[in-house]
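Step one of this worksheet: look at the structure below.
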Amino acid sequence: MNRSIRFSIILILTLLFASISCASEDVPKRILRGNYQLVYNKLPKSVDNAADMFKEGIFYGRLRFNSFLYNWEKENTTQNSHKAFGLGGSLIYKSATFENFNFTTGLYYSQGFFDNGKDPVGLLKPAKDLVSRYDYLNNGDKSMAVLGQAYVSYMGIPKTGLHVGRQLVDTFYARANDTKMLPNTFDGVVVQTKIIPDTDVKVAYLTKEKLRDHTTSHSVLMYDDSDAAKHSSWNGNDDTVMHKGLSYTNLKAAGVSTDAPLITGDIRNKSFDNTVLSASFYKVNELLSQTMIEANYKIKLSNFDIIPGIRYIKQFDNGAGEIGGASYNGNLAGLSGANGGYKDASSLDSQMIAARLLASYDNYRINIGYSNVLDEADLITPWRGFPTVGYTRSMARYNWMANTKSYRIQFAKGINSKGVYRDVFMLFSFLHTDADETKGYFDENFYYAGFVQNIPSMIDLQWRLRFGYADTKEIDADNLDARFEVNYLF
């Protein structure tokens, strides 16, 4: 019996044993919302001695099953229709709090199942996150076992938490995005505070990142082209929208650090009636920075609410444009014109404007959204935080390239703030993206349908079914992305 299968059996038996021991609880310790956010209903208490930190801590378990079917209109050397599935889970331990200190650890595991002969790992689309492509091609390993969380928290400052170590980070620009098997995690320091009235503030200093299909941490903003023979690019920041021009080779040649930290933060204010004001930022020294401001205003009518919202993003080129260029592809060769369709091929200064209108009635919601990335440069945000989220972001759609306009209408039924969907939660959307073909992008209509339900007789067991169909203007590129998953929390 090989190591990965043996580890799978041990983990699943451990998690099942833990689930049996917790089965008598009436209130779920955690719930999983439709947006994949885990919410802890039960947390460890404060204790009077160090020994009780461990004794009064709480384990949180999760078993996961994910399956993927991806079908291309026409297959070729870069487009391969495929199917794959994975099994795994996580075991998280939160200690009790002693003298304002506590700690959290989290183990995560994924075992991927696919036929590399028929479905090459390099051509997997969403299913790639079941495995580490780097580990598979170098070691033949179809499993991932990682320490995803290991951090200490200090809660001694009023209305403030300080978290140091490896952790899940959720800000506008950096997110856990735990939609597959392993979350996106960061090493660093995060401070959250509500010390300012009606205001939430979160600031993070993040030195390393580990993307969802990796087993080791890496630089937050470097594409690793240092060893093509060993597929090093799949062991650095290889996010779909990572700026490939910000490579190890290019950064070294420019004399810029290949390991600069990501500094990011959010502020959210509710001082004004029915109004939410938000601002976010990120900065990577000597390369890039970005700011976002947003305002949403709730209009309360007799039977429903209307919420108009606007968002503005400004990207500042602090040296990255000269190193990697205006396109996140990092290569303008073969594109239209001398500058590949960009007005200034060596500048990453850019902007985005977006607007939306939300209408809510009972547990129904309609979201009509628009976004426009100006004809300057691509927006660079490869940390699983999406600039168009809530406006024109749909499953696996990246629509923040230069000179791209997007329009989306979304309908939801079964909105539930508690995150327990005894009745089926349904989400449907239509997205039209008007892209700039001269820059190598293309127009697209994208149709999405998603369903979520907690089994009424077993509310800790939840299933999800999602479909996305892309009708593109690119030849033979139409595709179907179908996903089915099961989550069991205990």
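Labels used: A, B, ... for chains in the order of the structure tokens, numbers from 1 for residues in each chain, and numbers from 1 for ligands as shown.
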DSSP on the backbone: which residues in region 200-251 of chain A end up as strand (DSSP E)? Give the answer as a PyMOL selection string. chain A and resi 200-210
Atoms kept (C-alpha atoms) for selection, written as a compact mmCIF listing (two decimals), in the first residue's frame:
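part_7.txt, freshly written:
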# COMPACT_ATOMS: atom_id res chain seq x y z
CA ASP A 200 -13.85 47.48 11.00
CA VAL A 201 -10.15 47.61 10.12
CA LYS A 202 -7.91 44.76 8.99
CA VAL A 203 -4.24 45.12 8.02
CA ALA A 204 -1.92 42.30 6.95
CA TYR A 205 1.83 41.98 6.38
CA LEU A 206 2.25 38.75 4.41
CA THR A 207 5.69 37.34 3.65
CA LYS A 208 4.74 34.06 1.94
CA GLU A 209 1.79 32.46 0.18
CA LYS A 210 0.80 28.85 -0.51
Which of region 86-334 of chain A fall in alpha helix (DSSP H), as a count of residues only: 19
Mind pulling up the distance from CA of Ser406 (chain A) to CA of Asp378 (chain A)?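 These atoms are spaced 14.5 Å apart.
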Extract, using only C-alpha atoms, all DNA, RNA and protein residues at most 8 Å from region 267-269 of chain A, discarding same-chain residues fewer than 2 positions from it, and format them as a list in words.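 Near neighbours after the sequence-gap exclusion: Asp198, Thr199, Asp200, Val201, Lys202, Gly265, Ser271, Val276, Leu277, Ser278, Ala279 and Ser280 of chain A.
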Write out the residues from the selection above, keeping N, CA and C atoms, as an mmCIF file, in the first residue's frame.
data_model
loop_
_atom_site.group_PDB
_atom_site.id
_atom_site.type_symbol
_atom_site.label_atom_id
_atom_site.label_comp_id
_atom_site.auth_asym_id
_atom_site.auth_seq_id
_atom_site.Cartn_x
_atom_site.Cartn_y
_atom_site.Cartn_z
ATOM 1 N N ASP A 198 -18.123 52.126 14.785
ATOM 2 C CA ASP A 198 -18.791 51.813 13.522
ATOM 3 C C ASP A 198 -17.811 51.462 12.402
ATOM 4 N N THR A 199 -16.613 51.014 12.761
ATOM 5 C CA THR A 199 -15.585 50.792 11.751
ATOM 6 C C THR A 199 -14.831 49.488 12.007
ATOM 7 N N ASP A 200 -14.672 48.691 10.966
ATOM 8 C CA ASP A 200 -13.845 47.484 11.005
ATOM 9 C C ASP A 200 -12.568 47.749 10.208
ATOM 10 N N VAL A 201 -11.442 47.410 10.789
ATOM 11 C CA VAL A 201 -10.151 47.608 10.123
ATOM 12 C C VAL A 201 -9.376 46.292 10.172
ATOM 13 N N LYS A 202 -8.780 45.925 9.058
ATOM 14 C CA LYS A 202 -7.906 44.759 8.993
ATOM 15 C C LYS A 202 -6.683 45.123 8.166
ATOM 16 N N GLY A 265 -4.757 45.735 3.245
ATOM 17 C CA GLY A 265 -5.678 46.046 4.326
ATOM 18 C C GLY A 265 -7.027 46.532 3.845
ATOM 19 N N SER A 271 -20.876 54.512 9.685
ATOM 20 C CA SER A 271 -21.254 55.662 10.511
ATOM 21 C C SER A 271 -22.528 56.351 10.025
ATOM 22 N N VAL A 276 -22.722 51.960 3.628
ATOM 23 C CA VAL A 276 -21.483 51.246 3.924
ATOM 24 C C VAL A 276 -20.398 51.805 3.015
ATOM 25 N N LEU A 277 -19.352 52.329 3.633
ATOM 26 C CA LEU A 277 -18.209 52.850 2.904
ATOM 27 C C LEU A 277 -17.022 51.927 3.126
ATOM 28 N N SER A 278 -16.337 51.557 2.045
ATOM 29 C CA SER A 278 -15.225 50.618 2.139
ATOM 30 C C SER A 278 -14.026 51.143 1.371
ATOM 31 N N ALA A 279 -12.849 50.788 1.854
ATOM 32 C CA ALA A 279 -11.611 51.095 1.143
ATOM 33 C C ALA A 279 -10.624 49.969 1.396
ATOM 34 N N SER A 280 -9.816 49.664 0.383
ATOM 35 C CA SER A 280 -8.806 48.614 0.499
ATOM 36 C C SER A 280 -7.558 49.041 -0.244
#
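Take CA of Tyr151 (chain A) and CA of Arg175 (chain A): the distance between them is 16.7 Å.
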Name the residues in contact with Val39 (chain A) at a cut-off of 7 Å, using only C-alpha atoms, excluding same-chain residues fewer than 4 positions from it; report them as an NGL selection string. :A and (30-32)
Given the choices A:Ile459, A:Ala359, A:Met401, A:Ile415, which gets closest to Gly440 (chain A) if the distance is worked out from only C-alpha atoms?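 Distance minimum relative to Gly440 (chain A) lands on A:Met401.
Of the listed residues (A:Gly321, A:Gly112, A:Gly165, A:Gly117), A:Gly321 comes nearest to Ile380 (chain A); the distances count only C-alpha atoms.
Excluding Thr249 (chain A) and any residue on its chain fewer than 2 positions from it, the residues at most 9 Å away by only C-alpha atoms are Tyr223, Asp224, Asp225, Ser226, Leu246, Ser247, Leu251, Lys252, Ala253 and Ala254 of chain A.
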Save the residues we just selected, N, CA and C atoms, as a short mmCIF file (atom, residue, chain, number, x, y, z; two decimals), in the first residue's frame?
data_model
loop_
_atom_site.label_atom_id
_atom_site.label_comp_id
_atom_site.auth_asym_id
_atom_site.auth_seq_id
_atom_site.Cartn_x
_atom_site.Cartn_y
_atom_site.Cartn_z
N TYR A 223 6.77 34.88 -10.53
CA TYR A 223 6.55 33.70 -11.37
C TYR A 223 7.89 33.00 -11.49
N ASP A 224 7.97 31.76 -11.02
CA ASP A 224 9.25 31.07 -10.89
C ASP A 224 9.64 30.33 -12.18
N ASP A 225 10.46 30.99 -12.99
CA ASP A 225 10.96 30.37 -14.23
C ASP A 225 12.41 29.91 -14.07
N SER A 226 12.83 29.66 -12.84
CA SER A 226 14.24 29.37 -12.57
C SER A 226 14.68 27.99 -13.02
N LEU A 246 6.64 39.18 -14.28
CA LEU A 246 7.32 39.40 -13.00
C LEU A 246 7.94 38.07 -12.56
N SER A 247 8.85 37.60 -13.37
CA SER A 247 9.46 36.29 -13.19
C SER A 247 10.76 36.39 -12.40
N LEU A 251 13.06 39.72 -12.51
CA LEU A 251 13.28 40.44 -11.25
C LEU A 251 14.76 40.48 -10.89
N LYS A 252 15.43 39.35 -11.06
CA LYS A 252 16.86 39.30 -10.78
C LYS A 252 17.63 40.27 -11.69
N ALA A 253 17.27 40.27 -12.97
CA ALA A 253 17.96 41.14 -13.92
C ALA A 253 17.76 42.62 -13.58
N ALA A 254 16.60 42.94 -12.99
CA ALA A 254 16.29 44.33 -12.63
C ALA A 254 16.83 44.70 -11.25
#
Got a sec: who's within 12 Å of His163 (chain A), counting only C-alpha atoms, leaving out chain neighbours fewer than 4 positions off, as a PyMOL selection string? chain A and resi 100-104+149-156+167-169+186-193+202-206
Prev. selection, C-alpha atoms, output as a compact mmCIF listing (two decimals), in the first residue's frame:
# COMPACT_ATOMS: atom_id res chain seq x y z
CA ASN A 100 -5.17 36.69 26.20
CA PHE A 101 -3.25 34.16 24.06
CA ASN A 102 -4.55 31.24 22.02
CA PHE A 103 -3.38 29.27 19.02
CA THR A 104 -4.80 27.52 15.96
CA GLN A 149 -2.76 26.90 9.66
CA ALA A 150 -0.30 27.43 12.48
CA TYR A 151 -0.66 30.78 14.20
CA VAL A 152 -0.81 32.44 17.61
CA SER A 153 -3.39 35.08 18.51
CA TYR A 154 -3.19 37.83 21.11
CA MET A 155 -6.51 39.32 22.25
CA GLY A 156 -5.34 41.64 25.05
CA GLN A 167 -3.25 31.52 8.48
CA LEU A 168 -6.28 32.04 6.28
CA VAL A 169 -6.52 35.69 5.29
CA PHE A 186 -0.38 33.08 3.96
CA ASP A 187 2.50 33.47 6.41
CA GLY A 188 2.59 36.79 8.21
CA VAL A 189 0.93 39.13 10.68
CA VAL A 190 -2.73 40.20 10.61
CA VAL A 191 -4.30 42.83 12.86
CA GLN A 192 -8.08 43.25 13.13
CA THR A 193 -9.71 45.97 15.22
CA LYS A 202 -7.91 44.76 8.99
CA VAL A 203 -4.24 45.12 8.02
CA ALA A 204 -1.92 42.30 6.95
CA TYR A 205 1.83 41.98 6.38
CA LEU A 206 2.25 38.75 4.41
Fewer than 6 positions away in the same chain doesn't count, so skip those; otherwise give me all residues within 6 Å of Gly385 (chain A), counting only C-alpha atoms, as a list in words. Phe172, Tyr173, Ala174 and Arg175 of chain A
Requested write-out: C-alpha atoms of the selected residues, as a CSV table (one decimal), in the first residue's frame:
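Once everything was written out, this is again.csv:
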chain,number,residue,atom,x,y,z
A,172,PHE,CA,-10.5,42.4,-0.5
A,173,TYR,CA,-7.2,41.5,-2.3
A,174,ALA,CA,-6.1,38.3,-0.5
A,175,ARG,CA,-8.4,35.5,0.2
Interatomic distance between CA of Ala333 (chain A) and CA of Leu221 (chain A)? 22.6 Å
For each of A:Lys159, A:Lys194, A:Arg212, A:Lys118, take the minimum atom-to-atom distance to Ala145 (chain A), counting only C-alpha atoms, then give the residue where this is smallest.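 Between A:Lys159, A:Lys194, A:Arg212, A:Lys118, the residue approaching Ala145 (chain A) most closely is A:Arg212.
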At a cut-off of 12 Å, can you tabulate as JSON lines every residue of region 370-470 of chain A near region 308-311 of chain A together with its closest atom pair and the distance in Å to one decimal, using only C-alpha atoms and ordering rows by chain then number?
{"residue": "A:Tyr370", "atom": "CA", "partner": "A:Ile310", "partner_atom": "CA", "distance": 9.5}
{"residue": "A:Ser371", "atom": "CA", "partner": "A:Arg311", "partner_atom": "CA", "distance": 8.8}
{"residue": "A:Asn372", "atom": "CA", "partner": "A:Arg311", "partner_atom": "CA", "distance": 10.4}
{"residue": "A:Val373", "atom": "CA", "partner": "A:Arg311", "partner_atom": "CA", "distance": 11.5}
{"residue": "A:Pro387", "atom": "CA", "partner": "A:Arg311", "partner_atom": "CA", "distance": 9.3}
{"residue": "A:Thr388", "atom": "CA", "partner": "A:Arg311", "partner_atom": "CA", "distance": 9.0}
{"residue": "A:Val389", "atom": "CA", "partner": "A:Arg311", "partner_atom": "CA", "distance": 10.5}
{"residue": "A:Gly390", "atom": "CA", "partner": "A:Gly309", "partner_atom": "CA", "distance": 9.9}
{"residue": "A:Tyr391", "atom": "CA", "partner": "A:Arg311", "partner_atom": "CA", "distance": 9.0}
{"residue": "A:Thr392", "atom": "CA", "partner": "A:Arg311", "partner_atom": "CA", "distance": 11.7}
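Minimum atom-to-atom distances from A:Ala229, A:Leu69, A:Met53, A:Ala84 to Thr97 (chain A) were compared using only C-alpha atoms, and the lowest value belongs to A:Met53.
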Selected residue, from A:Thr404, A:Val420, A:Met458, A:Lys94, that lies nearest to Thr433 (chain A) when counting only C-alpha atoms: A:Thr404
